[in-house]
file protein_22.cif (mmCIF, N, CA and C atoms and all ligand atoms)
data_structure
#
loop_
_atom_site.label_atom_id
_atom_site.label_comp_id
_atom_site.auth_asym_id
_atom_site.auth_seq_id
_atom_site.Cartn_x
_atom_site.Cartn_y
_atom_site.Cartn_z
N MET A 1 98.45 166.65 170.17
CA MET A 1 97.78 165.70 169.28
C MET A 1 98.76 165.18 168.24
N ALA A 2 99.00 163.92 168.23
CA ALA A 2 99.87 163.36 167.19
C ALA A 2 99.06 163.24 165.90
N VAL A 3 99.78 163.19 164.80
CA VAL A 3 99.10 162.98 163.51
C VAL A 3 98.64 161.53 163.42
N ARG A 4 97.37 161.37 163.12
CA ARG A 4 96.84 160.00 163.03
C ARG A 4 96.38 159.65 161.62
N SER A 5 96.03 160.68 160.85
CA SER A 5 95.50 160.37 159.52
C SER A 5 96.12 161.31 158.49
N VAL A 6 96.46 160.75 157.36
CA VAL A 6 97.16 161.49 156.31
C VAL A 6 96.44 161.27 154.99
N ALA A 7 96.29 162.35 154.23
CA ALA A 7 95.78 162.21 152.86
C ALA A 7 96.95 162.34 151.90
N LEU A 8 97.02 161.41 150.96
CA LEU A 8 98.10 161.38 149.97
C LEU A 8 97.50 161.55 148.58
N VAL A 9 98.03 162.53 147.85
CA VAL A 9 97.48 162.86 146.53
C VAL A 9 98.66 163.25 145.63
N ALA A 10 98.64 162.77 144.39
CA ALA A 10 99.70 163.19 143.46
C ALA A 10 99.15 163.26 142.05
N HIS A 11 99.59 164.23 141.33
CA HIS A 11 99.27 164.30 139.90
C HIS A 11 100.11 163.26 139.15
N ASP A 12 99.68 162.96 137.92
CA ASP A 12 100.28 161.82 137.21
C ASP A 12 101.81 161.89 137.13
N ASN A 13 102.36 163.05 136.80
CA ASN A 13 103.82 163.15 136.67
C ASN A 13 104.55 163.09 138.01
N LYS A 14 103.80 163.11 139.09
CA LYS A 14 104.40 163.13 140.43
C LYS A 14 104.10 161.85 141.21
N LYS A 15 103.33 160.96 140.58
CA LYS A 15 102.89 159.77 141.33
C LYS A 15 104.05 158.86 141.71
N GLN A 16 104.97 158.68 140.75
CA GLN A 16 106.10 157.78 141.03
C GLN A 16 106.91 158.28 142.23
N GLU A 17 107.13 159.59 142.25
CA GLU A 17 107.89 160.18 143.35
C GLU A 17 107.18 159.98 144.69
N LEU A 18 105.87 160.19 144.69
CA LEU A 18 105.11 160.03 145.94
C LEU A 18 105.14 158.58 146.41
N VAL A 19 104.94 157.67 145.47
CA VAL A 19 104.89 156.25 145.84
C VAL A 19 106.25 155.79 146.37
N GLU A 20 107.33 156.24 145.72
CA GLU A 20 108.68 155.87 146.18
C GLU A 20 108.94 156.43 147.58
N TRP A 21 108.55 157.68 147.77
CA TRP A 21 108.77 158.31 149.08
C TRP A 21 107.95 157.59 150.16
N ALA A 22 106.71 157.25 149.82
CA ALA A 22 105.87 156.54 150.80
C ALA A 22 106.47 155.17 151.13
N ASP A 23 107.01 154.51 150.12
CA ASP A 23 107.64 153.20 150.34
C ASP A 23 108.86 153.33 151.25
N GLU A 24 109.67 154.37 151.01
CA GLU A 24 110.85 154.59 151.86
C GLU A 24 110.44 154.85 153.31
N ASN A 25 109.24 155.40 153.49
CA ASN A 25 108.78 155.75 154.84
C ASN A 25 107.68 154.81 155.33
N ARG A 26 107.68 153.62 154.79
CA ARG A 26 106.67 152.61 155.09
C ARG A 26 106.45 152.45 156.60
N ALA A 27 107.54 152.39 157.36
CA ALA A 27 107.42 152.15 158.80
C ALA A 27 106.71 153.32 159.48
N ARG A 28 107.01 154.54 159.04
CA ARG A 28 106.35 155.71 159.64
C ARG A 28 104.87 155.72 159.31
N PHE A 29 104.54 155.23 158.12
CA PHE A 29 103.13 155.24 157.71
C PHE A 29 102.32 154.11 158.35
N ALA A 30 103.03 153.09 158.80
CA ALA A 30 102.34 151.88 159.27
C ALA A 30 101.22 152.17 160.27
N PRO A 31 101.46 153.02 161.30
CA PRO A 31 100.37 153.22 162.27
C PRO A 31 99.32 154.26 161.84
N LEU A 32 99.51 154.88 160.69
CA LEU A 32 98.64 155.99 160.30
C LEU A 32 97.47 155.54 159.43
N ARG A 33 96.34 156.23 159.60
CA ARG A 33 95.19 155.99 158.72
C ARG A 33 95.45 156.78 157.43
N LEU A 34 95.36 156.10 156.31
CA LEU A 34 95.69 156.75 155.04
C LEU A 34 94.45 156.92 154.17
N TYR A 35 94.36 158.12 153.59
CA TYR A 35 93.34 158.43 152.60
C TYR A 35 94.07 158.81 151.32
N ALA A 36 93.45 158.57 150.17
CA ALA A 36 94.08 158.97 148.91
C ALA A 36 93.01 159.13 147.84
N THR A 37 93.34 159.97 146.86
CA THR A 37 92.48 160.01 145.68
C THR A 37 92.65 158.69 144.92
N GLY A 38 91.69 158.39 144.04
CA GLY A 38 91.56 157.05 143.47
C GLY A 38 92.82 156.42 142.90
N THR A 39 93.42 157.08 141.92
CA THR A 39 94.56 156.45 141.24
C THR A 39 95.79 156.43 142.12
N THR A 40 96.02 157.53 142.83
CA THR A 40 97.14 157.56 143.78
C THR A 40 96.97 156.43 144.80
N GLY A 41 95.75 156.26 145.28
CA GLY A 41 95.47 155.23 146.28
C GLY A 41 95.73 153.83 145.75
N ARG A 42 95.35 153.60 144.49
CA ARG A 42 95.57 152.27 143.90
C ARG A 42 97.07 151.96 143.85
N LEU A 43 97.86 152.94 143.38
CA LEU A 43 99.31 152.72 143.28
C LEU A 43 99.94 152.52 144.66
N LEU A 44 99.46 153.30 145.64
CA LEU A 44 100.01 153.16 146.99
C LEU A 44 99.65 151.80 147.59
N SER A 45 98.41 151.37 147.36
CA SER A 45 97.99 150.07 147.88
C SER A 45 98.88 148.96 147.33
N GLU A 46 99.16 149.04 146.02
CA GLU A 46 100.00 148.01 145.39
C GLU A 46 101.41 148.05 145.97
N ARG A 47 101.99 149.24 146.03
CA ARG A 47 103.39 149.37 146.44
C ARG A 47 103.59 149.05 147.92
N LEU A 48 102.66 149.54 148.75
CA LEU A 48 102.82 149.34 150.20
C LEU A 48 102.19 148.04 150.67
N ALA A 49 101.54 147.33 149.74
CA ALA A 49 100.82 146.10 150.09
C ALA A 49 99.86 146.35 151.26
N ARG A 50 99.12 147.46 151.15
CA ARG A 50 98.12 147.79 152.18
C ARG A 50 96.75 147.80 151.53
N ASP A 51 95.83 147.05 152.11
CA ASP A 51 94.47 147.07 151.55
C ASP A 51 93.54 147.93 152.40
N ASP A 52 94.13 148.69 153.35
CA ASP A 52 93.31 149.49 154.26
C ASP A 52 93.36 150.99 153.91
N ILE A 53 93.87 151.33 152.72
CA ILE A 53 93.91 152.75 152.34
C ILE A 53 92.51 153.17 151.90
N HIS A 54 92.01 154.27 152.46
CA HIS A 54 90.68 154.76 152.09
C HIS A 54 90.79 155.45 150.73
N LYS A 55 90.36 154.74 149.71
CA LYS A 55 90.47 155.29 148.36
C LYS A 55 89.19 156.03 147.98
N LEU A 56 89.36 157.29 147.63
CA LEU A 56 88.21 158.11 147.25
C LEU A 56 88.13 158.11 145.73
N LEU A 57 87.31 158.98 145.19
CA LEU A 57 87.23 159.06 143.73
C LEU A 57 88.53 159.62 143.16
N SER A 58 88.76 159.40 141.89
CA SER A 58 89.92 160.00 141.24
C SER A 58 89.78 161.53 141.32
N GLY A 59 90.91 162.23 141.41
CA GLY A 59 90.88 163.68 141.59
C GLY A 59 89.94 164.42 140.65
N PRO A 60 90.12 164.24 139.33
CA PRO A 60 89.27 164.99 138.40
C PRO A 60 87.80 164.59 138.46
N LEU A 61 87.50 163.47 139.12
CA LEU A 61 86.11 163.02 139.23
C LEU A 61 85.48 163.38 140.57
N GLY A 62 86.18 164.19 141.36
CA GLY A 62 85.61 164.63 142.64
C GLY A 62 86.44 164.25 143.86
N GLY A 63 87.52 163.50 143.64
CA GLY A 63 88.34 163.03 144.77
C GLY A 63 88.97 164.15 145.59
N ASP A 64 89.41 165.21 144.91
CA ASP A 64 90.00 166.34 145.65
C ASP A 64 88.96 166.96 146.58
N GLN A 65 87.76 167.05 146.08
CA GLN A 65 86.69 167.65 146.89
C GLN A 65 86.34 166.75 148.07
N GLN A 66 86.39 165.43 147.84
CA GLN A 66 86.11 164.51 148.95
C GLN A 66 87.16 164.64 150.06
N ILE A 67 88.43 164.78 149.65
CA ILE A 67 89.49 164.98 150.65
C ILE A 67 89.26 166.30 151.39
N GLY A 68 88.91 167.34 150.63
CA GLY A 68 88.64 168.64 151.25
C GLY A 68 87.52 168.55 152.28
N ALA A 69 86.48 167.81 151.95
CA ALA A 69 85.36 167.67 152.90
C ALA A 69 85.83 166.97 154.17
N LYS A 70 86.70 165.98 154.03
CA LYS A 70 87.18 165.27 155.22
C LYS A 70 88.08 166.17 156.07
N ILE A 71 88.83 167.06 155.42
CA ILE A 71 89.63 168.02 156.20
C ILE A 71 88.70 168.93 157.00
N ALA A 72 87.66 169.43 156.34
CA ALA A 72 86.72 170.34 157.03
C ALA A 72 86.03 169.63 158.19
N GLU A 73 85.84 168.33 158.07
CA GLU A 73 85.17 167.56 159.13
C GLU A 73 86.15 167.10 160.21
N GLY A 74 87.44 167.45 160.06
CA GLY A 74 88.43 167.11 161.08
C GLY A 74 88.93 165.68 161.00
N GLU A 75 88.72 165.02 159.88
CA GLU A 75 89.12 163.61 159.77
C GLU A 75 90.56 163.44 159.31
N ILE A 76 91.14 164.49 158.74
CA ILE A 76 92.49 164.38 158.18
C ILE A 76 93.41 165.40 158.85
N ASP A 77 94.56 164.92 159.34
CA ASP A 77 95.48 165.78 160.11
C ASP A 77 96.61 166.35 159.26
N LEU A 78 96.88 165.73 158.12
CA LEU A 78 98.04 166.14 157.30
C LEU A 78 97.72 165.85 155.83
N LEU A 79 98.04 166.81 154.97
CA LEU A 79 97.84 166.62 153.52
C LEU A 79 99.20 166.59 152.83
N VAL A 80 99.47 165.50 152.13
CA VAL A 80 100.65 165.41 151.28
C VAL A 80 100.14 165.42 149.84
N PHE A 81 100.39 166.51 149.16
CA PHE A 81 99.83 166.69 147.82
C PHE A 81 100.95 167.13 146.89
N PHE A 82 101.47 166.16 146.12
CA PHE A 82 102.50 166.47 145.14
C PHE A 82 101.78 166.91 143.86
N TRP A 83 101.49 168.19 143.77
CA TRP A 83 100.79 168.70 142.58
C TRP A 83 101.83 169.08 141.53
N ASP A 84 101.39 169.07 140.30
CA ASP A 84 102.31 169.24 139.17
C ASP A 84 102.38 170.70 138.75
N PRO A 85 103.54 171.36 138.96
CA PRO A 85 103.63 172.78 138.61
C PRO A 85 103.84 173.01 137.11
N LEU A 86 103.95 171.94 136.33
CA LEU A 86 104.27 172.11 134.90
C LEU A 86 103.13 171.73 133.96
N GLU A 87 102.07 171.15 134.51
CA GLU A 87 101.01 170.70 133.60
C GLU A 87 99.64 171.21 134.07
N PRO A 88 98.92 171.88 133.16
CA PRO A 88 97.57 172.33 133.53
C PRO A 88 96.67 171.11 133.80
N GLN A 89 95.76 171.25 134.74
CA GLN A 89 94.87 170.15 135.11
C GLN A 89 93.43 170.57 134.82
N PRO A 90 92.61 169.64 134.33
CA PRO A 90 91.23 170.00 134.00
C PRO A 90 90.42 170.42 135.23
N HIS A 91 90.84 169.92 136.40
CA HIS A 91 90.07 170.20 137.62
C HIS A 91 90.80 171.21 138.50
N ASP A 92 91.43 172.19 137.87
CA ASP A 92 92.18 173.20 138.62
C ASP A 92 91.36 173.87 139.75
N PRO A 93 90.07 174.17 139.51
CA PRO A 93 89.31 174.77 140.62
C PRO A 93 89.21 173.85 141.85
N ASP A 94 89.15 172.54 141.60
CA ASP A 94 89.07 171.59 142.73
C ASP A 94 90.39 171.55 143.50
N ILE A 95 91.51 171.65 142.75
CA ILE A 95 92.83 171.64 143.38
C ILE A 95 92.98 172.88 144.27
N LYS A 96 92.60 174.01 143.71
CA LYS A 96 92.65 175.27 144.48
C LYS A 96 91.79 175.16 145.73
N ALA A 97 90.61 174.57 145.55
CA ALA A 97 89.68 174.45 146.68
C ALA A 97 90.27 173.55 147.77
N LEU A 98 90.93 172.48 147.36
CA LEU A 98 91.54 171.58 148.36
C LEU A 98 92.65 172.31 149.13
N LEU A 99 93.50 173.03 148.40
CA LEU A 99 94.59 173.75 149.07
C LEU A 99 94.03 174.86 149.97
N ARG A 100 92.96 175.47 149.52
CA ARG A 100 92.33 176.52 150.33
C ARG A 100 91.78 175.96 151.64
N ILE A 101 91.08 174.85 151.53
CA ILE A 101 90.43 174.30 152.73
C ILE A 101 91.48 173.81 153.73
N ALA A 102 92.62 173.31 153.21
CA ALA A 102 93.70 172.87 154.11
C ALA A 102 94.30 174.08 154.83
N ALA A 103 94.45 175.20 154.11
CA ALA A 103 94.96 176.42 154.74
C ALA A 103 93.95 176.94 155.76
N LEU A 104 92.68 176.91 155.37
CA LEU A 104 91.62 177.43 156.25
C LEU A 104 91.59 176.68 157.59
N TRP A 105 91.69 175.36 157.52
CA TRP A 105 91.58 174.54 158.73
C TRP A 105 92.92 174.29 159.41
N ASN A 106 93.95 175.00 158.96
CA ASN A 106 95.27 174.97 159.62
C ASN A 106 95.83 173.56 159.76
N ILE A 107 95.77 172.80 158.66
CA ILE A 107 96.48 171.51 158.73
C ILE A 107 97.77 171.64 157.92
N PRO A 108 98.83 170.92 158.31
CA PRO A 108 100.08 170.98 157.55
C PRO A 108 99.90 170.40 156.15
N VAL A 109 100.57 171.03 155.19
CA VAL A 109 100.49 170.59 153.79
C VAL A 109 101.90 170.46 153.22
N ALA A 110 102.19 169.31 152.64
CA ALA A 110 103.47 169.13 151.95
C ALA A 110 103.19 169.11 150.45
N CYS A 111 103.86 170.01 149.72
CA CYS A 111 103.58 170.10 148.29
C CYS A 111 104.62 169.38 147.44
N ASN A 112 105.71 168.92 148.07
CA ASN A 112 106.75 168.22 147.33
C ASN A 112 107.55 167.35 148.30
N ARG A 113 108.49 166.59 147.73
CA ARG A 113 109.21 165.61 148.54
C ARG A 113 109.99 166.26 149.69
N ALA A 114 110.61 167.41 149.42
CA ALA A 114 111.41 168.06 150.47
C ALA A 114 110.54 168.46 151.65
N SER A 115 109.38 169.08 151.36
CA SER A 115 108.53 169.50 152.48
C SER A 115 107.91 168.27 153.16
N ALA A 116 107.63 167.23 152.40
CA ALA A 116 107.07 166.01 152.99
C ALA A 116 108.08 165.38 153.95
N GLU A 117 109.37 165.41 153.58
CA GLU A 117 110.39 164.84 154.46
C GLU A 117 110.52 165.65 155.75
N PHE A 118 110.46 166.97 155.62
CA PHE A 118 110.52 167.82 156.82
C PHE A 118 109.36 167.49 157.76
N ILE A 119 108.18 167.42 157.20
CA ILE A 119 106.99 167.21 158.05
C ILE A 119 107.01 165.82 158.67
N LEU A 120 107.28 164.81 157.85
CA LEU A 120 107.20 163.44 158.36
C LEU A 120 108.26 163.17 159.43
N SER A 121 109.39 163.88 159.36
CA SER A 121 110.44 163.65 160.37
C SER A 121 110.30 164.59 161.57
N SER A 122 109.26 165.41 161.58
CA SER A 122 109.07 166.34 162.70
C SER A 122 108.61 165.60 163.96
N PRO A 123 109.14 166.02 165.12
CA PRO A 123 108.67 165.42 166.38
C PRO A 123 107.17 165.64 166.60
N CYS A 124 106.62 166.68 165.96
CA CYS A 124 105.17 166.95 166.13
C CYS A 124 104.32 165.78 165.60
N MET A 125 104.89 164.98 164.71
CA MET A 125 104.13 163.86 164.14
C MET A 125 103.63 162.92 165.22
N THR A 126 104.45 162.75 166.27
CA THR A 126 104.09 161.75 167.29
C THR A 126 103.89 162.36 168.68
N ASP A 127 104.02 163.68 168.78
CA ASP A 127 103.92 164.34 170.09
C ASP A 127 102.45 164.55 170.48
N GLU A 128 102.03 163.81 171.50
CA GLU A 128 100.63 163.91 171.93
C GLU A 128 100.32 165.29 172.52
N GLN A 129 101.38 165.98 173.02
CA GLN A 129 101.16 167.30 173.64
C GLN A 129 100.99 168.40 172.60
N HIS A 130 101.51 168.15 171.40
CA HIS A 130 101.45 169.20 170.38
C HIS A 130 100.01 169.39 169.91
N GLN A 131 99.55 170.62 170.03
CA GLN A 131 98.15 170.90 169.71
C GLN A 131 98.09 171.99 168.64
N PRO A 132 97.86 171.63 167.38
CA PRO A 132 97.75 172.69 166.37
C PRO A 132 96.53 173.57 166.68
N VAL A 133 96.68 174.86 166.44
CA VAL A 133 95.58 175.78 166.75
C VAL A 133 94.40 175.46 165.84
N LYS A 134 93.26 175.19 166.51
CA LYS A 134 92.05 174.94 165.73
C LYS A 134 91.36 176.28 165.50
N PRO A 135 91.19 176.68 164.25
CA PRO A 135 90.65 178.02 164.01
C PRO A 135 89.24 178.18 164.59
N ASP A 136 88.98 179.40 165.05
CA ASP A 136 87.66 179.71 165.62
C ASP A 136 86.92 180.59 164.60
N PHE A 137 85.89 180.05 164.05
CA PHE A 137 85.14 180.79 163.03
C PHE A 137 83.84 181.37 163.59
N SER A 138 83.76 181.50 164.91
CA SER A 138 82.49 181.92 165.48
C SER A 138 82.10 183.35 165.05
N ASP A 139 83.12 184.24 164.87
CA ASP A 139 82.79 185.59 164.40
C ASP A 139 82.12 185.52 163.03
N TYR A 140 82.68 184.61 162.21
CA TYR A 140 82.13 184.49 160.86
C TYR A 140 80.74 183.85 160.88
N THR A 141 80.64 182.74 161.60
CA THR A 141 79.34 182.02 161.57
C THR A 141 78.25 182.80 162.30
N GLY A 142 78.69 183.65 163.27
CA GLY A 142 77.68 184.41 164.03
C GLY A 142 77.45 185.81 163.49
N ARG A 143 78.00 186.10 162.32
CA ARG A 143 77.92 187.47 161.79
C ARG A 143 76.46 187.84 161.48
N LYS A 144 76.22 189.13 161.54
CA LYS A 144 74.88 189.63 161.25
C LYS A 144 74.68 189.66 159.74
N VAL A 145 73.63 189.06 159.28
CA VAL A 145 73.28 189.20 157.85
C VAL A 145 71.82 189.63 157.78
N SER A 146 71.56 190.51 156.85
CA SER A 146 70.16 190.97 156.80
C SER A 146 69.44 190.35 155.61
O1 LIG B 1 94.03 164.62 140.30
C1 LIG B 1 94.48 164.39 141.41
C2 LIG B 1 94.69 165.49 142.38
O2 LIG B 1 94.28 166.75 141.92
C3 LIG B 1 94.84 163.03 141.82
O3 LIG B 1 93.85 162.12 141.42
P1 LIG B 1 94.23 160.61 141.17
O4 LIG B 1 95.01 160.12 142.35
O5 LIG B 1 92.94 159.88 141.02
O6 LIG B 1 95.05 160.58 139.90
#

call {"tool": "encode", "arguments": {"input": "protein_22.cif", "output": "structure tokens", "more": "lines below"}}
Ligand SMILES: O=C(CO)COP(=O)(O)O
result
Amino acid sequence: MAVRSVALVAHDNKKQELVEWADENRARFAPLRLYATGTTGRLLSERLARDDIHKLLSGPLGGDQQIGAKIAEGEIDLLVFFWDPLEPQPHDPDIKALLRIAALWNIPVACNRASAEFILSSPCMTDEQHQPVKPDFSDYTGRKVS
């Protein structure tokens, strides 16, 4: 399965870096369906001149949770989230929840430019044969509860 859809998210101090990196990789992004939290999405739309980016709510207003829901529903194949390690965020529980759900559903996550470059240049990005393991939660969902 090649990567078809990517979620792009950045905290304020990291937005410029994300937008510059996305611009440098414009050609790679061209065939991909893009999702983003509100403000990140607005900046990306302007820089990449793309009006087809699925812009969700701003992160602190629920956007991180919306991205998380789309990951759980299998709509997003890759998360690029440049989160800020130096500034506390008011919606820290939502950020944790987004990173948790990405780990749970076994999708690749890039937390900074270096990891984003590794992932975006991976042959797995376009390899139709590559099949990430889809977790099986049947033991959990079928567990006995009294
Ligand atoms: O806060 C964010 C991620 O946690 C990003 O939200 P914005 O893109 O709306 O700034």

call {"tool": "closest_residue", "arguments": {"input": "protein_22.cif", "among": "A:Glu17, A:Asp139, A:Glu46, A:Asp64", "to": "ligand LIG 1 (chain B)", "atoms": "only N, CA and C atoms and all ligand atoms"}}
result
A:Asp64

call {"tool": "select_by_dssp", "arguments": {"input": "protein_22.cif", "residues": "chain A", "states": "helix (DSSP H, G or I)", "output": "number ranges by chain"}}
result
A: 12-24, 26-29, 38-48, 59-61, 63-72, 92-104, 113-120, 123-125, 138-141

call {"tool": "closest_residue", "arguments": {"input": "protein_22.cif", "among": "A:Arg4, A:Leu18, A:Leu79, A:Asp92", "to": "ligand LIG 1 (chain B)", "atoms": "all atoms listed in the file"}}
result
A:Asp92

call {"tool": "residues_around", "arguments": {"input": "protein_22.cif", "residues": "A:Glu20", "least_positions_apart": "6", "cutoff": "8 Å", "atoms": "only N, CA and C atoms", "output": "PDB file with N, CA and C atoms, in the coordinates of the input"}}
result
ATOM      1  N   LYS A  14     103.800 163.110 139.090  1.00  0.00           N
ATOM      2  CA  LYS A  14     104.400 163.130 140.430  1.00  0.00           C
ATOM      3  C   LYS A  14     104.100 161.850 141.210  1.00  0.00           C
ATOM      4  N   ARG A  26     107.680 153.620 154.790  1.00  0.00           N
ATOM      5  CA  ARG A  26     106.670 152.610 155.090  1.00  0.00           C
ATOM      6  C   ARG A  26     106.450 152.450 156.600  1.00  0.00           C
ATOM      7  N   ARG A  47     101.990 149.240 146.030  1.00  0.00           N
ATOM      8  CA  ARG A  47     103.390 149.370 146.440  1.00  0.00           C
ATOM      9  C   ARG A  47     103.590 149.050 147.920  1.00  0.00           C
TER      10      ARG A  47
END

call {"tool": "residues_near_ligand", "arguments": {"input": "protein_22.cif", "ligand": "ligand LIG 1 (chain B)", "cutoff": "5 Å", "atoms": "only N, CA and C atoms and all ligand atoms", "output": "list in words"}}
result
Ala10, His11, Thr37, Gly38, Thr39, Thr40, Gly41, Leu57, Ser58, Gly59 and Pro60 of chain A

call {"tool": "residues_around", "arguments": {"input": "protein_22.cif", "residues": "stretch 104-112 of chain A", "least_positions_apart": "2", "cutoff": "9 Å", "atoms": "only C-alpha atoms", "output": "JSON, numbers by chain"}}
result
{"A": [14, 18, 71, 72, 74, 76, 77, 78, 79, 80, 81, 82, 83, 99, 100, 101, 102, 114, 115, 116, 117, 118, 119, 132, 133, 134, 135]}

call {"tool": "decode", "arguments": {"input": "protein_22.cif", "residues": "stretch 74-125 of chain A", "atoms": "C-alpha atoms", "output": "PDB file, in the first residue's frame"}}
result
ATOM      1  CA  GLY A  74      -8.114   4.550   8.365  1.00  0.00           C
ATOM      2  CA  GLU A  75      -8.293   7.776   6.363  1.00  0.00           C
ATOM      3  CA  ILE A  76      -4.748   8.947   7.093  1.00  0.00           C
ATOM      4  CA  ASP A  77      -1.617   6.922   6.227  1.00  0.00           C
ATOM      5  CA  LEU A  78       1.110   9.214   7.593  1.00  0.00           C
ATOM      6  CA  LEU A  79       1.285  11.879  10.304  1.00  0.00           C
ATOM      7  CA  VAL A  80       3.816  14.700  10.085  1.00  0.00           C
ATOM      8  CA  PHE A  81       3.570  16.562  13.362  1.00  0.00           C
ATOM      9  CA  PHE A  82       6.252  19.118  14.178  1.00  0.00           C
ATOM     10  CA  TRP A  83       5.357  19.594  17.838  1.00  0.00           C
ATOM     11  CA  ASP A  84       7.171  22.128  19.954  1.00  0.00           C
ATOM     12  CA  PRO A  85       9.405  20.584  22.640  1.00  0.00           C
ATOM     13  CA  LEU A  86      10.078  23.983  24.248  1.00  0.00           C
ATOM     14  CA  GLU A  87       6.652  25.487  24.780  1.00  0.00           C
ATOM     15  CA  PRO A  88       3.772  24.172  26.892  1.00  0.00           C
ATOM     16  CA  GLN A  89       0.500  23.932  24.950  1.00  0.00           C
ATOM     17  CA  PRO A  90      -2.968  24.481  26.410  1.00  0.00           C
ATOM     18  CA  HIS A  91      -4.263  21.374  24.629  1.00  0.00           C
ATOM     19  CA  ASP A  92      -1.505  19.010  25.758  1.00  0.00           C
ATOM     20  CA  PRO A  93      -3.978  16.157  26.424  1.00  0.00           C
ATOM     21  CA  ASP A  94      -5.175  16.389  22.799  1.00  0.00           C
ATOM     22  CA  ILE A  95      -1.585  16.277  21.512  1.00  0.00           C
ATOM     23  CA  LYS A  96      -0.870  13.196  23.619  1.00  0.00           C
ATOM     24  CA  ALA A  97      -4.084  11.616  22.382  1.00  0.00           C
ATOM     25  CA  LEU A  98      -3.149  12.235  18.742  1.00  0.00           C
ATOM     26  CA  LEU A  99       0.311  10.709  19.189  1.00  0.00           C
ATOM     27  CA  ARG A 100      -1.210   7.790  21.061  1.00  0.00           C
ATOM     28  CA  ILE A 101      -3.779   7.016  18.389  1.00  0.00           C
ATOM     29  CA  ALA A 102      -1.088   7.167  15.670  1.00  0.00           C
ATOM     30  CA  ALA A 103       1.017   4.668  17.642  1.00  0.00           C
ATOM     31  CA  LEU A 104      -2.031   2.486  18.296  1.00  0.00           C
ATOM     32  CA  TRP A 105      -2.986   2.270  14.617  1.00  0.00           C
ATOM     33  CA  ASN A 106       0.623   1.734  13.492  1.00  0.00           C
ATOM     34  CA  ILE A 107       0.934   4.661  11.142  1.00  0.00           C
ATOM     35  CA  PRO A 108       4.336   6.323  10.572  1.00  0.00           C
ATOM     36  CA  VAL A 109       4.860   9.571  12.478  1.00  0.00           C
ATOM     37  CA  ALA A 110       7.461  12.248  11.780  1.00  0.00           C
ATOM     38  CA  CYS A 111       8.051  14.557  14.719  1.00  0.00           C
ATOM     39  CA  ASN A 112      10.671  16.817  13.111  1.00  0.00           C
ATOM     40  CA  ARG A 113      12.273  17.713   9.800  1.00  0.00           C
ATOM     41  CA  ALA A 114      14.916  14.964   9.934  1.00  0.00           C
ATOM     42  CA  SER A 115      12.392  12.178  10.485  1.00  0.00           C
ATOM     43  CA  ALA A 116      10.040  13.720   7.911  1.00  0.00           C
ATOM     44  CA  GLU A 117      12.841  13.645   5.313  1.00  0.00           C
ATOM     45  CA  PHE A 118      13.601   9.999   6.079  1.00  0.00           C
ATOM     46  CA  ILE A 119       9.970   8.996   5.739  1.00  0.00           C
ATOM     47  CA  LEU A 120       9.158  11.050   2.660  1.00  0.00           C
ATOM     48  CA  SER A 121      12.200   9.710   0.800  1.00  0.00           C
ATOM     49  CA  SER A 122      11.447   6.083   1.731  1.00  0.00           C
ATOM     50  CA  PRO A 123      10.592   3.696  -1.115  1.00  0.00           C
ATOM     51  CA  CYS A 124       7.645   2.574   1.050  1.00  0.00           C
ATOM     52  CA  MET A 125       5.949   5.889   0.202  1.00  0.00           C
TER      53      MET A 125
END
